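Report on the following structure.
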Amino acid sequence: MSKKEHVPTIVVESSEIYGSVSLYGAKNAVLVSIASLILTTGKSVLKNVPFSTDVYHMIELIKELGARVVWDSDAHELYVDTTDLNKYRVSDHIMKQMRASILVMGPLLAQFGKADVALPGGCVLGARPINYHLNAFRAMGVSVDQEGAFLRSHAPSLQGSRIIFEYPSVGATENVLMAAVLANGETSIVNAALEPEVLDLVALLRKMGARIAVEPGVITVEGVKALNPIEHEVVPDRLEAGALLIAAAITGGSITLSNARAHHMDAFLEKLRSMGHRVIVSEKGLMLKATKSPQAVSFKTGPYPGFPTDLQAPLMAAQCVAQGQSVIEETVFENRLVHVHELRKMGAQINLDGNRASIIGVDELFGADVIASDIRASCALVLAGLVSQGKTIISGVQHWRRGYDALEKKLHQCGANICVKGEPNVVQTLGLIESTRQL
Ligand code: EPU
């Protein structure tokens with residue numbers, strides 16, 4: 001067997017998508033929800049949790065800190081007992097797995113007055129500094145010492161403060177929120193991110209007993225002495241929803257998402273409507289009926305309620321086969337157009353100028369060997385594969401696994417010609433079954 005045959009791939013062929021699907025909870029909401037449990041002592045339950053490798057790594061992290069975790073794979077529920085959680089140092093190898101590990105810094109400081117974490121570093125999307133997080137913590141009385149790539153931080157007591165963000169960073173807002181809930185006095189986060197995943201964290205923290213007020217652009221927190229364990233159903237994933245809606249749109253099919261929250265996706269749904277697709281919100285859920293002659297639309301990513309950067313690549317795939325010309329501008333991350341090169345291999349006509357992609361829709365794409373460079377790029381390539389002649393073979397499957405829970409199965413149930421090849425059993429590979437059995 002050649003070396004290449006050992007590389008897992010997603011194989012996609014032209015398909016039509018028709019069906020009805022229920023969404024898992026949002027991966028990005030789950031990650032911060034798990035981190036927030038550091039603030040409590042006792043047993044909590046998170047519901048509708050997707051099984052993705054990022055979620056797995058966050059489970060490993062909280063276990064390393066001393067929590068006991070049980071994963072119920074049938075119910076998609078996560079049981080977390082923080083009674084014995086007593087460590088505040090995250091090992092280097094776990095930090096390196098996932099940038100979102102930085103989200104434990106706020107709750108560790110709030111709970112222990114200390115947090116030792118490695119610097120998460122950049123990633124394929126760009127430099128991704130954490131200056132907003134660190135400046136805010138310093139304003140709350142935290143000393144942060146950097147030793148090489150390691151951060152040692154401590155605060156004898158966290159002080160409420162007025163934090164003004166230059167940019168509404170999702171992670172920095174979440175981190176400061178989780179520090180502020182147990183700080184002394186009031187914290188205001190001005191120019192706070194208000195993504196649905198941030199508001200899901202607010203809802204969860206309120207269940208714990210936190211005192212939080214949300215106004216346009218400002219979140220105000222009144223610190224309390226202690227917080228309680230909770231039961232929480234994670235907000236449905238608007239990014240999984242986006243992938244499924246585009247799958248139906250791009251193939252001329254239709255789909256219903258039973259538990260989607262349409263009001264979390266306004267900017268995105270408006271673009272689908274402008275393309276000519278019918279988007280219907282009813283008690284049955286969110287439904288899309290595709291037009292057979294989609295029109296190209298332009299868009300620019302931005303903080304919520306703007307167009308989400310995480311749906312930029314997936315919707316670009318749809319522009320590649322729409323009628324007319326579109327311009328897509330990425331403003332959130334400095335380097336999030338790598339998928340353009342791969343889409344071009346499939347016959348897409350895209351001109352790249354910095355962070356702007358100009359696309360002329362073509363009648364058809366062609367299957368090719370392509371490489372997924374990040375989670376959402378993997379999704380874009382799968383979507384493009386659904387309208388390509390011949391086989392699209394996508395490597396970089398680990399990115400697909402980081403962000404979605406078996407989305408290929410949901411697509412397959414709706415008619416997609418898709419399978420994942422050459423992949424060892426994911427659950428066994430991650431060791432999750434073994435580790436949860438012990439618990
Ligand atoms: N930024 C700074 N300094 C900071 C923090 C952020 O300059 O201290 C910059 C970033 O470099 C970036 C911009 O601000 O250019 C936005 O970053 P933000 O902090 O808002 O993003 P994040 O918290 O790192 C989360 C999601 C991302 C999603 C973004 C934007 C999680 C775990 N990740 O990242 O999700 O794209 O918000 O909505 O919640 C994905 O799921 O594929 C993904 C990348």
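All residue names refer to the structure tokens as shown: chains lettered A, B, ... in order, residues numbered from 1 in each chain, ligands numbered from 1 in order.
The list of residues with at least one atom within 9 Å of Ile250 of chain A, based on only C-alpha atoms and without residues fewer than 3 positions apart in the same chain, reads A:Glu16, A:Ile17, A:Leu245, A:Ile246, A:Ala247, A:Gly253, A:Ala290, A:Lys292, A:Pro294, A:Ala317, A:Ala318, A:Gln319, A:Val321, A:Ala322, A:Leu383, A:Ala384, A:Leu386, A:Val387.
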Dump C-alpha atoms for the selected residues as a PDB file, in the first residue's frame?
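And here's selection-v3.pdb as it stands now:
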```
ATOM      1  CA  GLU A  16     -29.086  15.931  -4.422  1.00  0.00           C
ATOM      2  CA  ILE A  17     -29.938  16.856  -0.865  1.00  0.00           C
ATOM      3  CA  LEU A 245     -28.626  24.683   4.280  1.00  0.00           C
ATOM      4  CA  ILE A 246     -25.902  25.340   1.711  1.00  0.00           C
ATOM      5  CA  ALA A 247     -25.792  21.620   0.878  1.00  0.00           C
ATOM      6  CA  GLY A 253     -32.682  20.363  -3.122  1.00  0.00           C
ATOM      7  CA  ALA A 290     -33.456  25.806  -3.444  1.00  0.00           C
ATOM      8  CA  LYS A 292     -32.568  25.979  -9.756  1.00  0.00           C
ATOM      9  CA  PRO A 294     -29.094  30.757  -7.947  1.00  0.00           C
ATOM     10  CA  ALA A 317     -18.513  27.249  -2.464  1.00  0.00           C
ATOM     11  CA  ALA A 318     -22.072  28.179  -3.433  1.00  0.00           C
ATOM     12  CA  GLN A 319     -20.920  31.353  -5.214  1.00  0.00           C
ATOM     13  CA  VAL A 321     -21.599  27.810  -9.210  1.00  0.00           C
ATOM     14  CA  ALA A 322     -24.032  30.756  -8.944  1.00  0.00           C
ATOM     15  CA  LEU A 383     -20.071  21.345  -0.421  1.00  0.00           C
ATOM     16  CA  ALA A 384     -18.228  22.001  -3.675  1.00  0.00           C
ATOM     17  CA  LEU A 386     -21.617  17.832  -3.976  1.00  0.00           C
ATOM     18  CA  VAL A 387     -21.900  19.750  -7.277  1.00  0.00           C
TER      19      VAL A 387
END
```
request  = Please identify all polymer residues within 6 Å of Lys391 of chain A, counting only C-alpha atoms, omitting same-chain residues fewer than 2 positions from it, and present them as a PyMOL selection string.
outcome  = chain A and resi 12-13+367
inquiry  = List as a list in words the protein and nucleic acid residues lying within 6 Å of ligand 1, with only C-alpha atoms and all ligand atoms counted.
reply    =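 Using only C-alpha atoms and all ligand atoms, I find these residues within 6 Å of ligand 1: Asn28, Ala100, Arg128, Pro129, Ile130, Asn131, Tyr132, His133, Ser169, Val170, Gly171, Ala172, Thr309, Asp310, Val332, Phe333, Ile375 and Arg376 of chain A.
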Counting only C-alpha atoms, the residue of A:Leu337, A:Ala380, A:Ala262, A:Ile360 that sits nearest Leu311 of chain A = A:Ala380
task = For Arg336 of chain A, work out the shell of residues within 12 Å, counting only C-alpha atoms and skipping chain neighbours fewer than 3 positions away, then give it as a PyMOL selection string.
result = chain A and resi 123-128+301+309-314+316+328-333+339-341+352+354-357+372-377
Next, the residues of the selection above should be written as a PDB file, in the first residue's frame with C-alpha atoms.
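Output below, filename out_24.pdb:
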```pdb
ATOM      1  CA  CYS A 123      -2.722  29.071  13.594  1.00  0.00           C
ATOM      2  CA  VAL A 124      -3.528  28.684   9.939  1.00  0.00           C
ATOM      3  CA  LEU A 125      -6.053  31.558  10.191  1.00  0.00           C
ATOM      4  CA  GLY A 126      -3.312  34.038  11.160  1.00  0.00           C
ATOM      5  CA  ALA A 127      -1.394  35.387  14.188  1.00  0.00           C
ATOM      6  CA  ARG A 128      -4.370  35.287  16.617  1.00  0.00           C
ATOM      7  CA  THR A 301     -17.569  38.977   7.194  1.00  0.00           C
ATOM      8  CA  THR A 309     -16.500  34.349   9.248  1.00  0.00           C
ATOM      9  CA  ASP A 310     -17.166  30.663   9.967  1.00  0.00           C
ATOM     10  CA  LEU A 311     -19.664  30.558   7.074  1.00  0.00           C
ATOM     11  CA  GLN A 312     -17.490  32.494   4.643  1.00  0.00           C
ATOM     12  CA  ALA A 313     -15.805  29.453   3.084  1.00  0.00           C
ATOM     13  CA  PRO A 314     -19.005  27.357   2.903  1.00  0.00           C
ATOM     14  CA  MET A 316     -18.091  30.800  -1.144  1.00  0.00           C
ATOM     15  CA  ILE A 328     -16.280  38.154  -0.731  1.00  0.00           C
ATOM     16  CA  GLU A 329     -14.249  40.063   1.826  1.00  0.00           C
ATOM     17  CA  GLU A 330     -12.809  38.439   4.964  1.00  0.00           C
ATOM     18  CA  THR A 331     -12.334  41.019   7.725  1.00  0.00           C
ATOM     19  CA  VAL A 332     -12.210  38.918  10.924  1.00  0.00           C
ATOM     20  CA  PHE A 333      -9.097  36.795  10.365  1.00  0.00           C
ATOM     21  CA  HIS A 339      -9.608  27.306   0.448  1.00  0.00           C
ATOM     22  CA  VAL A 340      -9.624  29.535  -2.648  1.00  0.00           C
ATOM     23  CA  HIS A 341      -6.611  27.662  -4.041  1.00  0.00           C
ATOM     24  CA  LEU A 352      -7.669  36.756  -4.997  1.00  0.00           C
ATOM     25  CA  GLY A 354      -5.456  40.260  -0.301  1.00  0.00           C
ATOM     26  CA  ASN A 355      -8.532  39.408   1.753  1.00  0.00           C
ATOM     27  CA  ARG A 356     -10.953  39.899  -1.157  1.00  0.00           C
ATOM     28  CA  ALA A 357     -12.018  37.084  -3.425  1.00  0.00           C
ATOM     29  CA  ALA A 372      -8.696  21.071   3.760  1.00  0.00           C
ATOM     30  CA  SER A 373      -6.686  23.647   5.714  1.00  0.00           C
ATOM     31  CA  ASP A 374      -9.142  24.424   8.529  1.00  0.00           C
ATOM     32  CA  ILE A 375     -12.538  23.341   9.836  1.00  0.00           C
ATOM     33  CA  ARG A 376     -14.655  25.558   7.652  1.00  0.00           C
ATOM     34  CA  ALA A 377     -12.472  25.038   4.571  1.00  0.00           C
TER      35      ALA A 377
END
```
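The residues of segment 270-364 of chain A that DSSP assigns to strand (DSSP E) on this backbone come out as Arg278, Val279, Ile280, Val281, Ser282, Gly285, Leu286, Met287, Leu288, Lys289, Phe299, Lys300, Gln325, Ser326, Val327, Ile328, Glu329, Gln349, Ile350, Asn351, Leu352, Asp353, Arg356, Ala357, Ser358, Ile359 and Ile360 of chain A.
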request  = Could you check which of A:Pro308, A:Gly148, A:Gly390, A:Pro156 is closest to Gln111 of chain A, using only C-alpha atoms?
outcome  =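 Checking each of A:Pro308, A:Gly148, A:Gly390, A:Pro156 against Gln111 of chain A, counting only C-alpha atoms, the winner is A:Pro156.
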key: segment 275-289 of chain A surroundings by only C-alpha atoms, 10 Å radius, close-in-sequence under 3 positions cut, as a ChimeraX atom specification   = /A:18-22,241,244-246,248-250,252-263,269-272,292-298,318-319,322-323
